[in-house]
file work-v4.cif (mmCIF, C-alpha atoms)
data_start
loop_
_atom_site.label_atom_id
_atom_site.label_comp_id
_atom_site.auth_asym_id
_atom_site.auth_seq_id
_atom_site.Cartn_x
_atom_site.Cartn_y
_atom_site.Cartn_z
CA MET A 1 148.85 173.78 254.12
CA ARG A 2 149.89 171.43 256.92
CA ARG A 3 148.26 168.55 255.08
CA GLY A 4 150.22 169.45 251.95
CA ILE A 5 153.50 169.55 253.85
CA THR A 6 152.74 166.23 255.52
CA THR A 7 151.93 164.65 252.16
CA ALA A 8 155.15 165.98 250.63
CA LEU A 9 157.20 164.64 253.56
CA LEU A 10 155.54 161.25 253.25
CA VAL A 11 156.32 161.18 249.52
CA VAL A 12 159.96 162.09 250.17
CA ALA A 13 160.20 159.46 252.92
CA ALA A 14 158.69 156.86 250.60
CA LEU A 15 161.16 157.73 247.83
CA VAL A 16 164.10 157.54 250.23
CA ALA A 17 162.89 154.20 251.57
CA ALA A 18 162.40 152.86 248.05
CA SER A 19 165.87 154.05 247.03
CA CYS A 20 167.46 152.45 250.08
CA ALA A 21 165.62 149.20 249.39
CA TYR A 22 166.75 149.21 245.75
CA VAL A 23 170.37 149.87 246.67
CA TYR A 24 170.18 147.12 249.31
CA TRP A 25 168.80 144.67 246.76
CA ASN A 26 171.16 145.80 243.99
CA PRO A 27 174.19 147.50 245.58
CA PHE A 28 176.13 147.42 242.32
CA TRP A 29 173.70 149.98 240.90
CA LEU A 30 175.28 152.65 243.10
CA VAL A 31 178.79 151.34 242.44
CA ASP A 32 178.21 151.28 238.69
CA ARG A 33 176.84 154.83 238.70
CA SER A 34 179.86 156.05 240.65
CA VAL A 35 182.28 154.31 238.29
CA ASN A 36 180.50 155.70 235.25
CA LEU A 37 180.70 159.23 236.66
CA TYR A 38 184.43 158.74 237.22
CA LEU A 39 184.92 157.38 233.69
CA ARG A 40 182.93 160.20 232.14
CA GLY A 41 184.96 162.74 234.08
CA LYS A 42 188.12 161.20 232.61
CA GLY A 43 186.75 161.40 229.07
CA ILE A 44 186.21 157.65 228.73
CA GLN A 45 183.28 156.72 226.49
CA HIS A 46 180.96 153.71 226.26
CA HIS A 47 180.47 152.09 222.84
CA TYR A 48 179.07 148.93 221.26
CA VAL A 49 180.17 146.95 218.23
CA MET A 50 178.69 143.84 216.61
CA VAL A 51 181.06 140.88 217.00
CA ASN A 52 179.99 137.45 215.77
CA GLY A 53 176.36 138.48 216.04
CA TYR A 54 176.67 139.88 219.57
CA ARG A 55 176.48 143.55 220.60
CA ILE A 56 179.75 143.77 222.52
CA HIS A 57 180.24 146.66 224.92
CA TYR A 58 183.57 148.40 225.30
CA LEU A 59 185.17 151.48 226.83
CA GLU A 60 187.30 153.82 224.75
CA ALA A 61 189.77 156.48 225.87
CA LYS A 62 191.33 158.56 223.11
CA PRO A 63 194.96 159.60 223.53
CA ALA A 64 196.16 162.97 224.63
CA GLY A 65 197.87 164.84 221.79
CA ASN A 66 198.06 164.10 218.07
CA GLY A 67 200.84 161.55 217.88
CA PRO A 68 200.85 158.28 215.94
CA GLU A 69 198.01 155.81 216.59
CA LYS A 70 199.01 153.45 219.41
CA PRO A 71 196.07 151.13 220.21
CA VAL A 72 195.89 149.18 223.46
CA LEU A 73 193.31 146.47 224.16
CA LEU A 74 192.63 145.44 227.76
CA VAL A 75 190.90 142.14 228.62
CA HIS A 76 189.30 141.66 232.06
CA GLY A 77 189.24 138.56 234.23
CA LEU A 78 186.72 135.96 235.42
CA GLY A 79 183.51 137.47 236.75
CA ALA A 80 184.83 140.96 235.99
CA ARG A 81 184.18 143.72 233.45
CA ALA A 82 185.90 146.41 231.38
CA SER A 83 185.46 149.09 234.05
CA ASP A 84 187.76 147.15 236.39
CA TRP A 85 190.59 148.76 234.39
CA ALA A 86 189.33 152.23 235.42
CA LYS A 87 192.43 153.01 237.48
CA MET A 88 194.76 152.39 234.52
CA ILE A 89 192.85 153.57 231.44
CA PRO A 90 193.14 157.36 231.96
CA ASP A 91 196.90 157.27 232.57
CA LEU A 92 197.51 155.08 229.52
CA ALA A 93 195.49 157.54 227.40
CA GLN A 94 197.35 160.46 228.94
CA GLY A 95 200.55 158.67 227.93
CA GLY A 96 199.48 158.81 224.28
CA TYR A 97 197.74 155.44 223.89
CA HIS A 98 194.32 154.85 222.35
CA VAL A 99 192.79 152.52 224.92
CA TYR A 100 190.01 149.99 224.37
CA ALA A 101 188.65 147.75 227.15
CA LEU A 102 185.94 145.29 226.15
CA ASP A 103 183.35 143.34 228.12
CA LEU A 104 183.78 139.73 227.04
CA LEU A 105 180.68 137.76 226.07
CA GLY A 106 178.60 137.15 229.19
CA TYR A 107 180.26 139.90 231.22
CA GLY A 108 179.56 143.53 232.06
CA ASP A 109 177.19 145.16 229.57
CA SER A 110 177.79 142.60 226.81
CA PRO A 111 175.06 140.01 226.07
CA LYS A 112 174.61 136.92 228.25
CA PRO A 113 173.04 134.42 225.84
CA GLU A 114 171.90 131.11 227.32
CA ASP A 115 173.59 129.24 224.47
CA GLY A 116 176.73 131.40 224.43
CA ASP A 117 180.26 130.03 224.36
CA PHE A 118 181.99 131.40 227.46
CA SER A 119 185.01 129.10 227.22
CA LEU A 120 188.55 130.36 226.78
CA ASP A 121 188.36 129.57 223.07
CA GLY A 122 185.06 131.38 222.75
CA GLU A 123 186.30 134.48 224.54
CA GLU A 124 189.51 134.47 222.49
CA ARG A 125 187.38 134.54 219.34
CA ILE A 126 185.41 137.48 220.72
CA ALA A 127 188.61 139.42 221.48
CA THR A 128 190.20 138.54 218.12
CA ASP A 129 187.15 139.46 216.08
CA PHE A 130 186.67 142.62 218.16
CA LEU A 131 190.07 143.76 216.89
CA ARG A 132 189.08 142.87 213.33
CA GLU A 133 185.74 144.69 213.55
CA LEU A 134 187.45 147.87 214.74
CA LYS A 135 190.28 147.36 212.23
CA LEU A 136 192.91 147.54 214.95
CA GLN A 137 196.33 146.28 213.92
CA LYS A 138 199.47 145.56 215.92
CA VAL A 139 197.88 146.39 219.27
CA ASP A 140 199.51 146.37 222.66
CA LEU A 141 197.47 143.69 224.41
CA GLY A 142 196.88 143.46 228.15
CA GLY A 143 195.07 140.79 230.15
CA TRP A 144 194.25 140.40 233.83
CA SER A 145 193.74 136.98 235.49
CA MET A 146 191.56 134.94 233.08
CA GLY A 147 191.95 137.82 230.63
CA GLY A 148 195.71 137.23 230.69
CA TRP A 149 195.09 133.65 229.57
CA VAL A 150 192.83 134.89 226.75
CA ALA A 151 195.44 137.51 225.78
CA MET A 152 198.29 134.97 225.71
CA LYS A 153 196.23 132.59 223.56
CA LEU A 154 195.45 135.42 221.15
CA ALA A 155 199.12 136.46 220.99
CA LEU A 156 200.18 132.86 220.32
CA ASP A 157 197.47 132.15 217.74
CA HIS A 158 197.67 135.55 215.99
CA PRO A 159 201.12 137.02 216.68
CA GLU A 160 200.76 139.35 213.69
CA MET A 161 198.02 141.22 215.63
CA VAL A 162 200.07 141.95 218.77
CA ARG A 163 202.98 144.36 219.15
CA ARG A 164 203.59 143.89 222.88
CA LEU A 165 201.87 141.79 225.54
CA MET A 166 201.16 142.66 229.19
CA VAL A 167 199.72 140.21 231.71
CA TYR A 168 198.67 140.99 235.28
CA ASP A 169 198.30 138.21 237.89
CA SER A 170 197.50 135.98 234.93
CA ALA A 171 196.01 132.52 234.75
CA GLY A 172 197.22 130.12 232.07
CA LEU A 173 199.87 127.92 233.68
CA TYR A 174 199.27 124.83 235.78
CA PHE A 175 199.23 125.10 239.55
CA VAL A 176 197.53 123.09 242.28
CA LEU A 177 194.21 124.70 243.24
CA ASP A 178 193.58 125.06 246.96
CA PHE A 179 189.98 126.20 246.47
CA PRO A 180 186.83 124.65 244.95
CA PRO A 181 185.27 125.82 241.65
CA SER A 182 182.31 127.12 243.67
CA LEU A 183 184.59 129.83 245.13
CA PHE A 184 183.54 132.25 242.37
CA SER A 185 179.80 131.79 242.98
CA PRO A 186 179.33 132.20 246.75
CA HIS A 187 175.91 131.29 248.15
CA ASP A 188 176.33 132.74 251.64
CA ARG A 189 178.46 134.99 253.81
CA ALA A 190 181.05 132.28 254.48
CA GLY A 191 181.50 131.73 250.75
CA PHE A 192 181.73 135.48 250.15
CA ASP A 193 184.42 135.83 252.82
CA ALA A 194 186.36 132.92 251.30
CA LEU A 195 186.33 134.61 247.87
CA MET A 196 187.39 137.96 249.30
CA ASP A 197 190.21 136.29 251.22
CA LYS A 198 191.58 134.96 247.91
CA ILE A 199 191.32 138.12 245.84
CA GLN A 200 192.18 140.67 248.54
CA PRO A 201 194.47 139.82 251.44
CA PHE A 202 192.68 140.74 254.65
CA GLN A 203 195.05 143.45 255.80
CA TRP A 204 194.55 145.44 252.58
CA ARG A 205 190.93 144.49 251.91
CA THR A 206 188.48 147.12 250.72
CA LYS A 207 185.98 147.86 253.47
CA ILE A 208 182.64 146.75 252.04
CA PRO A 209 179.60 148.02 253.97
CA GLU A 210 177.83 145.11 255.65
CA VAL A 211 174.49 146.13 254.16
CA MET A 212 175.82 145.63 250.61
CA ILE A 213 177.05 142.07 250.99
CA PRO A 214 173.69 140.22 250.53
CA GLY A 215 173.16 142.08 247.24
CA MET A 216 176.67 141.23 246.09
CA ILE A 217 176.03 137.55 246.79
CA ARG A 218 172.82 137.72 244.75
CA ARG A 219 174.77 139.18 241.81
CA PHE A 220 177.37 136.42 242.03
CA GLN A 221 174.55 133.89 241.91
CA LYS A 222 172.94 135.61 238.91
CA ASN A 223 176.17 135.21 236.91
CA GLN A 224 176.93 131.70 238.19
CA PHE A 225 176.26 129.85 234.93
CA ILE A 226 178.59 132.04 232.88
CA VAL A 227 181.39 132.09 235.45
CA GLN A 228 181.25 128.34 235.99
CA GLN A 229 181.37 127.63 232.24
CA SER A 230 184.39 129.91 231.85
CA PHE A 231 186.11 128.38 234.86
CA GLY A 232 185.25 124.87 233.69
CA SER A 233 187.11 125.46 230.43
CA MET A 234 190.19 126.33 232.48
CA LEU A 235 189.92 123.24 234.66
CA HIS A 236 189.94 120.61 231.91
CA GLY A 237 193.58 121.44 231.18
CA ARG A 238 193.52 121.29 227.39
CA GLU A 239 194.18 125.03 227.14
CA LEU A 240 197.07 125.20 229.62
CA LEU A 241 199.95 127.18 228.17
CA ASP A 242 202.94 125.70 230.04
CA PHE A 243 204.30 124.20 226.81
CA ARG A 244 203.26 127.12 224.59
CA VAL A 245 204.25 130.39 226.29
CA GLY A 246 207.85 129.93 225.23
CA GLY A 247 206.56 130.50 221.70
CA LEU A 248 205.69 134.13 222.44
CA LYS A 249 208.05 136.24 220.36
CA MET A 250 206.89 139.78 221.16
CA PRO A 251 208.09 141.67 224.27
CA VAL A 252 206.15 140.54 227.34
CA LEU A 253 205.50 142.34 230.65
CA ILE A 254 204.49 140.20 233.63
CA VAL A 255 203.09 142.00 236.70
CA TRP A 256 202.19 140.20 239.93
CA GLY A 257 201.04 141.06 243.43
CA THR A 258 203.39 139.33 245.86
CA GLU A 259 200.44 138.64 248.19
CA ASP A 260 198.27 137.05 245.47
CA ARG A 261 196.41 134.17 247.15
CA LEU A 262 194.40 133.20 244.08
CA ILE A 263 197.22 132.66 241.56
CA PRO A 264 200.45 132.43 243.57
CA LEU A 265 203.53 134.52 242.88
CA ASP A 266 205.56 131.48 241.86
CA VAL A 267 203.23 131.01 238.86
CA GLY A 268 204.27 134.45 237.62
CA LEU A 269 207.94 133.71 238.22
CA ARG A 270 207.63 130.43 236.34
CA MET A 271 205.99 132.28 233.45
CA HIS A 272 208.93 134.69 233.52
CA ASP A 273 211.35 131.74 233.30
CA LEU A 274 209.48 130.29 230.32
CA VAL A 275 209.46 133.56 228.33
CA PRO A 276 213.11 134.60 227.81
CA GLN A 277 212.31 138.15 226.64
CA SER A 278 209.91 138.94 229.49
CA VAL A 279 210.12 141.75 232.04
CA PHE A 280 208.82 140.85 235.51
CA LEU A 281 207.50 143.28 238.12
CA GLY A 282 206.43 142.10 241.56
CA VAL A 283 204.31 144.53 243.60
CA ARG A 284 204.65 144.11 247.35
CA LYS A 285 201.66 144.51 249.67
CA CYS A 286 199.27 143.76 246.81
CA GLY A 287 197.06 140.75 246.08
CA HIS A 288 195.29 139.49 242.97
CA LEU A 289 193.81 142.91 242.13
CA THR A 290 197.18 144.51 241.40
CA ALA A 291 196.01 146.56 238.41
CA ALA A 292 193.40 148.26 240.62
CA GLU A 293 194.82 148.16 244.14
CA CYS A 294 198.33 149.19 243.13
CA ALA A 295 197.69 151.11 239.92
CA PRO A 296 200.36 153.88 240.26
CA PRO A 297 203.48 151.65 240.13
CA VAL A 298 201.76 149.27 237.69
CA VAL A 299 200.91 152.09 235.26
CA ASP A 300 204.42 153.52 235.58
CA GLN A 301 206.01 150.18 234.66
CA THR A 302 203.47 149.53 231.91
CA LEU A 303 204.19 152.86 230.22
CA LYS A 304 207.92 152.35 230.60
CA PHE A 305 207.53 148.92 228.96
CA LEU A 306 205.32 150.22 226.13
CA ASN A 307 207.47 153.27 225.38
CA ALA A 308 210.87 151.57 225.42
CA GLU A 309 212.68 151.57 222.07
CA PRO A 310 214.35 149.18 221.72
CA PRO A 311 212.23 146.95 224.00
CA LEU A 312 213.34 146.54 227.61
CA SER A 313 215.84 143.78 228.27
CA ARG A 314 214.86 140.82 230.44
CA SER A 315 214.71 141.83 234.10
CA THR A 316 213.16 141.00 237.48
CA SER A 317 212.27 143.78 239.90
CA TYR A 318 210.02 144.50 242.87
CA VAL A 319 208.36 147.69 244.09
CA ASP A 320 206.23 148.56 247.11
CA GLY A 321 202.54 149.04 246.53
CA PRO A 322 200.88 152.20 247.80
CA GLU A 323 199.86 152.26 251.46
#
call {"tool": "encode", "arguments": {"input": "work-v4.cif", "output": "structure tokens"}}
result
Amino acid sequence: MRRGITTALLVVAALVAASCAYVYWNPFWLVDRSVNLYLRGKGIQHHYVMVNGYRIHYLEAKPAGNGPEKPVLLVHGLGARASDWAKMIPDLAQGGYHVYALDLLGYGDSPKPEDGDFSLDGEERIATDFLRELKLQKVDLGGWSMGGWVAMKLALDHPEMVRRLMVYDSAGLYFVLDFPPSLFSPHDRAGFDALMDKIQPFQWRTKIPEVMIPGMIRRFQKNQFIVQQSFGSMLHGRELLDFRVGGLKMPVLIVWGTEDRLIPLDVGLRMHDLVPQSVFLGVRKCGHLTAAECAPPVVDQTLKFLNAEPPLSRSTSYVDGPE
């Protein structure tokens, strides 16, 4: 009997050790499982649809109630994924919107083909044809960081597909970079800290357990080719929208963290100046991850913007982010 108990304890210890080793090597496994449990609890479903020959993954949250169909498409940023919108999706659905958030080609659970086109143009085609495949018309379109650039391009190239446009800490206008392209693919702890300093100001930074950081660096390295190709298409300048955004005719919401160190606040204010019908919201005490870090005031303003009939008049306002 003692031998049996000893064997069972050794098996349990081995399983625990193996689990710890796996989580150490792939810390996002635990994060992903936690996020998926949260999404499932909120009624958000995972789906796939064929777009241009690729099996594109997306999240879907159906609206509360039986009102008119009001589709919203959310586009994530560089190196990100659909689930980064997790803090906003449930509240938008509760507000009566049918929410879709896709993983762009190369990101999240969508394919990562070696010969894929991960440029801004390529990702715009994925987002545009995603809407066509699902037969979504006149959507409210939201984009975060690089996803804001993709969303603005889509709204400019296919204005008939977009009812209203929301961008959050968006790329797309020219500004002088004070960081190297390698920032998004850190090789070591110093590079990881430099990236975190840009996307989350230190005083509000999420406390990441030390043991998880090596695994996070490995994941950044695994996705380096895709991220660098996407970022490279931004750097060449041919897709900059400084001389195009004034052509946006639909209502536009611009949301920015006042402490954004990746894409500075003055970029958002310049975008606001270039789009006469835009509504600007600055969120104090928040960095580049405004849609996640400061979701409550961001969701409130987003729903106010989407629900307003007639559309909100041009305005500039600031709110405090949550402590």
call {"tool": "atom_distance", "arguments": {"input": "work-v4.cif", "atom1": "CA of Lys70 in chain A", "atom2": "CA of Gly148 in chain A"}}
result
20.0 Å
call {"tool": "residues_around", "arguments": {"input": "work-v4.cif", "residues": "range 126-134 of chain A", "least_positions_apart": "6", "cutoff": "9 Å", "atoms": "only C-alpha atoms", "output": "list in words"}}
result
Val49, Met50, Val51, Asn52, Ile56, Leu73, Val75, Leu102, Leu104, Leu105, Val150, Ala151, Leu154, His158 and Met161 of chain A
call {"tool": "residues_around", "arguments": {"input": "work-v4.cif", "residues": "Gln221 in chain A", "least_positions_apart": "5", "cutoff": "8 Å", "atoms": "only C-alpha atoms", "output": "MDAnalysis selection string"}}
result
chainID A and resid 185:187
call {"tool": "resolve_selection", "arguments": {"input": "work-v4.cif", "expression": "the PyMOL selection byres ((chain A and resi 163-170) around 7)", "output": "number ranges by chain"}}
result
A: 138-146, 148-149, 161-162, 171-172, 250-257, 263, 288, 291
call {"tool": "resolve_selection", "arguments": {"input": "work-v4.cif", "expression": "the PyMOL selection byres ((chain A and resi 58) around 7)", "output": "ChimeraX atom specification"}}
result
/A:46-48,56-57,59-60,82,100-103
call {"tool": "atom_distance", "arguments": {"input": "work-v4.cif", "atom1": "CA of Ile213 in chain A", "atom2": "CA of Tyr107 in chain A"}}
result
20.1 Å
call {"tool": "atom_distance", "arguments": {"input": "work-v4.cif", "atom1": "CA of Ser230 in chain A", "atom2": "CA of Asp117 in chain A"}}
result
8.6 Å
call {"tool": "closest_residue", "arguments": {"input": "work-v4.cif", "among": "A:Glu160, A:Ala86, A:Phe175, A:Leu262", "to": "Ala194 in chain A", "atoms": "all atoms listed in the file"}}
result
A:Leu262
call {"tool": "resolve_selection", "arguments": {"input": "work-v4.cif", "expression": "the PyMOL selection byres ((chain A and resi 64) around 10)", "output": "short mmCIF file (atom, residue, chain, number, x, y, z; two decimals) with C-alpha atoms, in the frame of the given file"}}
result
data_model
loop_
_atom_site.label_atom_id
_atom_site.label_comp_id
_atom_site.auth_asym_id
_atom_site.auth_seq_id
_atom_site.Cartn_x
_atom_site.Cartn_y
_atom_site.Cartn_z
CA ALA A 61 189.77 156.48 225.87
CA LYS A 62 191.33 158.56 223.11
CA PRO A 63 194.96 159.60 223.53
CA GLY A 65 197.87 164.84 221.79
CA ASN A 66 198.06 164.10 218.07
CA GLY A 67 200.84 161.55 217.88
CA PRO A 90 193.14 157.36 231.96
CA ASP A 91 196.90 157.27 232.57
CA LEU A 92 197.51 155.08 229.52
CA ALA A 93 195.49 157.54 227.40
CA GLN A 94 197.35 160.46 228.94
CA GLY A 95 200.55 158.67 227.93
CA GLY A 96 199.48 158.81 224.28
CA TYR A 97 197.74 155.44 223.89
CA HIS A 98 194.32 154.85 222.35
#
call {"tool": "closest_residue", "arguments": {"input": "work-v4.cif", "among": "A:Gly268, A:Gly282, A:Pro71, A:Gly215", "to": "Ser317 in chain A", "atoms": "all atoms listed in the file"}}
result
A:Gly282
call {"tool": "axis_aligned_box", "arguments": {"input": "work-v4.cif", "around": "range 33-50 of chain A", "padding_each_side": "5 Å", "output": "JSON"}}
result
{"center_x": 182.5, "center_y": 153.3, "center_z": 228.6, "size_x": 21.3, "size_y": 28.9, "size_z": 34.0}
call {"tool": "residues_around", "arguments": {"input": "work-v4.cif", "residues": "Pro322 in chain A", "least_positions_apart": "5", "cutoff": "8 Å", "atoms": "all atoms listed in the file", "output": "NGL selection string"}}
result
:A and (285 or 294 or 296)
call {"tool": "residues_near_point", "arguments": {"input": "work-v4.cif", "point": "(177.5, 129.5, 238.1)", "cutoff": "12 Å", "atoms": "only C-alpha atoms", "output": "PDB file with C-alpha atoms, keeping the file's coordinate frame"}}
result
ATOM      1  CA  LEU A  78     186.720 135.960 235.420  1.00  0.00           C
ATOM      2  CA  GLY A  79     183.510 137.470 236.750  1.00  0.00           C
ATOM      3  CA  GLY A 106     178.600 137.150 229.190  1.00  0.00           C
ATOM      4  CA  PHE A 118     181.990 131.400 227.460  1.00  0.00           C
ATOM      5  CA  PRO A 181     185.270 125.820 241.650  1.00  0.00           C
ATOM      6  CA  SER A 182     182.310 127.120 243.670  1.00  0.00           C
ATOM      7  CA  LEU A 183     184.590 129.830 245.130  1.00  0.00           C
ATOM      8  CA  PHE A 184     183.540 132.250 242.370  1.00  0.00           C
ATOM      9  CA  SER A 185     179.800 131.790 242.980  1.00  0.00           C
ATOM     10  CA  PRO A 186     179.330 132.200 246.750  1.00  0.00           C
ATOM     11  CA  HIS A 187     175.910 131.290 248.150  1.00  0.00           C
ATOM     12  CA  ILE A 217     176.030 137.550 246.790  1.00  0.00           C
ATOM     13  CA  ARG A 218     172.820 137.720 244.750  1.00  0.00           C
ATOM     14  CA  ARG A 219     174.770 139.180 241.810  1.00  0.00           C
ATOM     15  CA  PHE A 220     177.370 136.420 242.030  1.00  0.00           C
ATOM     16  CA  GLN A 221     174.550 133.890 241.910  1.00  0.00           C
ATOM     17  CA  LYS A 222     172.940 135.610 238.910  1.00  0.00           C
ATOM     18  CA  ASN A 223     176.170 135.210 236.910  1.00  0.00           C
ATOM     19  CA  GLN A 224     176.930 131.700 238.190  1.00  0.00           C
ATOM     20  CA  PHE A 225     176.260 129.850 234.930  1.00  0.00           C
ATOM     21  CA  ILE A 226     178.590 132.040 232.880  1.00  0.00           C
ATOM     22  CA  VAL A 227     181.390 132.090 235.450  1.00  0.00           C
ATOM     23  CA  GLN A 228     181.250 128.340 235.990  1.00  0.00           C
ATOM     24  CA  GLN A 229     181.370 127.630 232.240  1.00  0.00           C
ATOM     25  CA  SER A 230     184.390 129.910 231.850  1.00  0.00           C
ATOM     26  CA  PHE A 231     186.110 128.380 234.860  1.00  0.00           C
ATOM     27  CA  GLY A 232     185.250 124.870 233.690  1.00  0.00           C
TER      28      GLY A 232
END
call {"tool": "closest_residue", "arguments": {"input": "work-v4.cif", "among": "A:Leu136, A:Ala308, A:Met216, A:Ile44", "to": "Glu69 in chain A", "atoms": "only C-alpha atoms"}}
result
A:Leu136
call {"tool": "residues_near_point", "arguments": {"input": "work-v4.cif", "point": "(182.4, 146.7, 234.7)", "cutoff": "9 Å", "atoms": "all atoms listed in the file", "output": "PDB file with C-alpha atoms, in the frame of the given file"}}
result
ATOM      1  CA  ASP A  32     178.210 151.280 238.690  1.00  0.00           C
ATOM      2  CA  VAL A  35     182.280 154.310 238.290  1.00  0.00           C
ATOM      3  CA  HIS A  76     189.300 141.660 232.060  1.00  0.00           C
ATOM      4  CA  ALA A  80     184.830 140.960 235.990  1.00  0.00           C
ATOM      5  CA  ARG A  81     184.180 143.720 233.450  1.00  0.00           C
ATOM      6  CA  ALA A  82     185.900 146.410 231.380  1.00  0.00           C
ATOM      7  CA  SER A  83     185.460 149.090 234.050  1.00  0.00           C
ATOM      8  CA  ASP A  84     187.760 147.150 236.390  1.00  0.00           C
ATOM      9  CA  TRP A  85     190.590 148.760 234.390  1.00  0.00           C
ATOM     10  CA  ALA A  86     189.330 152.230 235.420  1.00  0.00           C
ATOM     11  CA  ASP A 103     183.350 143.340 228.120  1.00  0.00           C
ATOM     12  CA  TYR A 107     180.260 139.900 231.220  1.00  0.00           C
ATOM     13  CA  GLY A 108     179.560 143.530 232.060  1.00  0.00           C
ATOM     14  CA  ASP A 109     177.190 145.160 229.570  1.00  0.00           C
TER      15      ASP A 109
END
call {"tool": "closest_residue", "arguments": {"input": "work-v4.cif", "among": "A:Asp157, A:Asp121, A:Asp193, A:Glu210", "to": "Arg244 in chain A", "atoms": "all atoms listed in the file"}}
result
A:Asp157
call {"tool": "residues_around", "arguments": {"input": "work-v4.cif", "residues": "Tyr174 in chain A", "least_positions_apart": "4", "cutoff": "9 Å", "atoms": "all atoms listed in the file", "output": "ChimeraX atom specification"}}
result
/A:237,240-242,267
call {"tool": "closest_residue", "arguments": {"input": "work-v4.cif", "among": "A:Leu235, A:Cys286, A:Arg314, A:Gly122", "to": "Asp273 in chain A", "atoms": "all atoms listed in the file"}}
result
A:Arg314
call {"tool": "decode", "arguments": {"input": "work-v4.cif", "residues": "range 89-104 of chain A", "atoms": "N, CA and C atoms", "output": "mmCIF file, in the first residue's frame"}}
result
data_model
loop_
_atom_site.group_PDB
_atom_site.id
_atom_site.type_symbol
_atom_site.label_atom_id
_atom_site.label_comp_id
_atom_site.auth_asym_id
_atom_site.auth_seq_id
_atom_site.Cartn_x
_atom_site.Cartn_y
_atom_site.Cartn_z
ATOM 1 N N ILE A 89 -15.591 43.985 -25.985
ATOM 2 C CA ILE A 89 -16.583 43.224 -26.753
ATOM 3 C C ILE A 89 -17.882 42.979 -25.977
ATOM 4 N N PRO A 90 -17.822 42.478 -24.733
ATOM 5 C CA PRO A 90 -19.089 42.177 -24.049
ATOM 6 C C PRO A 90 -19.983 43.400 -23.862
ATOM 7 N N ASP A 91 -19.391 44.554 -23.541
ATOM 8 C CA ASP A 91 -20.205 45.750 -23.324
ATOM 9 C C ASP A 91 -20.809 46.266 -24.619
ATOM 10 N N LEU A 92 -20.087 46.137 -25.724
ATOM 11 C CA LEU A 92 -20.652 46.537 -27.015
ATOM 12 C C LEU A 92 -21.831 45.630 -27.376
ATOM 13 N N ALA A 93 -21.680 44.329 -27.125
ATOM 14 C CA ALA A 93 -22.789 43.398 -27.397
ATOM 15 C C ALA A 93 -23.970 43.684 -26.472
ATOM 16 N N GLN A 94 -23.681 43.973 -25.220
ATOM 17 C CA GLN A 94 -24.749 44.297 -24.276
ATOM 18 C C GLN A 94 -25.473 45.568 -24.706
ATOM 19 N N GLY A 95 -24.746 46.445 -25.402
ATOM 20 C CA GLY A 95 -25.352 47.675 -25.904
ATOM 21 C C GLY A 95 -26.144 47.491 -27.182
ATOM 22 N N GLY A 96 -26.271 46.239 -27.650
ATOM 23 C CA GLY A 96 -27.111 45.960 -28.812
ATOM 24 C C GLY A 96 -26.361 45.783 -30.114
ATOM 25 N N TYR A 97 -25.023 45.679 -30.059
ATOM 26 C CA TYR A 97 -24.225 45.558 -31.276
ATOM 27 C C TYR A 97 -23.765 44.114 -31.486
ATOM 28 N N HIS A 98 -23.757 43.706 -32.741
ATOM 29 C CA HIS A 98 -23.294 42.375 -33.122
ATOM 30 C C HIS A 98 -21.807 42.506 -33.443
ATOM 31 N N VAL A 99 -20.974 42.015 -32.544
ATOM 32 C CA VAL A 99 -19.545 42.320 -32.589
ATOM 33 C C VAL A 99 -18.753 41.178 -33.214
ATOM 34 N N TYR A 100 -17.882 41.546 -34.137
ATOM 35 C CA TYR A 100 -16.928 40.626 -34.754
ATOM 36 C C TYR A 100 -15.525 41.189 -34.535
ATOM 37 N N ALA A 101 -14.592 40.334 -34.122
ATOM 38 C CA ALA A 101 -13.190 40.738 -33.987
ATOM 39 C C ALA A 101 -12.344 39.659 -34.647
ATOM 40 N N LEU A 102 -11.644 40.009 -35.718
ATOM 41 C CA LEU A 102 -10.912 38.995 -36.466
ATOM 42 C C LEU A 102 -9.433 38.996 -36.090
ATOM 43 N N ASP A 103 -8.793 37.833 -36.287
ATOM 44 C CA ASP A 103 -7.338 37.739 -36.266
ATOM 45 C C ASP A 103 -6.861 37.960 -37.700
ATOM 46 N N LEU A 104 -6.103 39.017 -37.926
ATOM 47 C CA LEU A 104 -5.565 39.254 -39.254
ATOM 48 C C LEU A 104 -4.641 38.116 -39.672
#
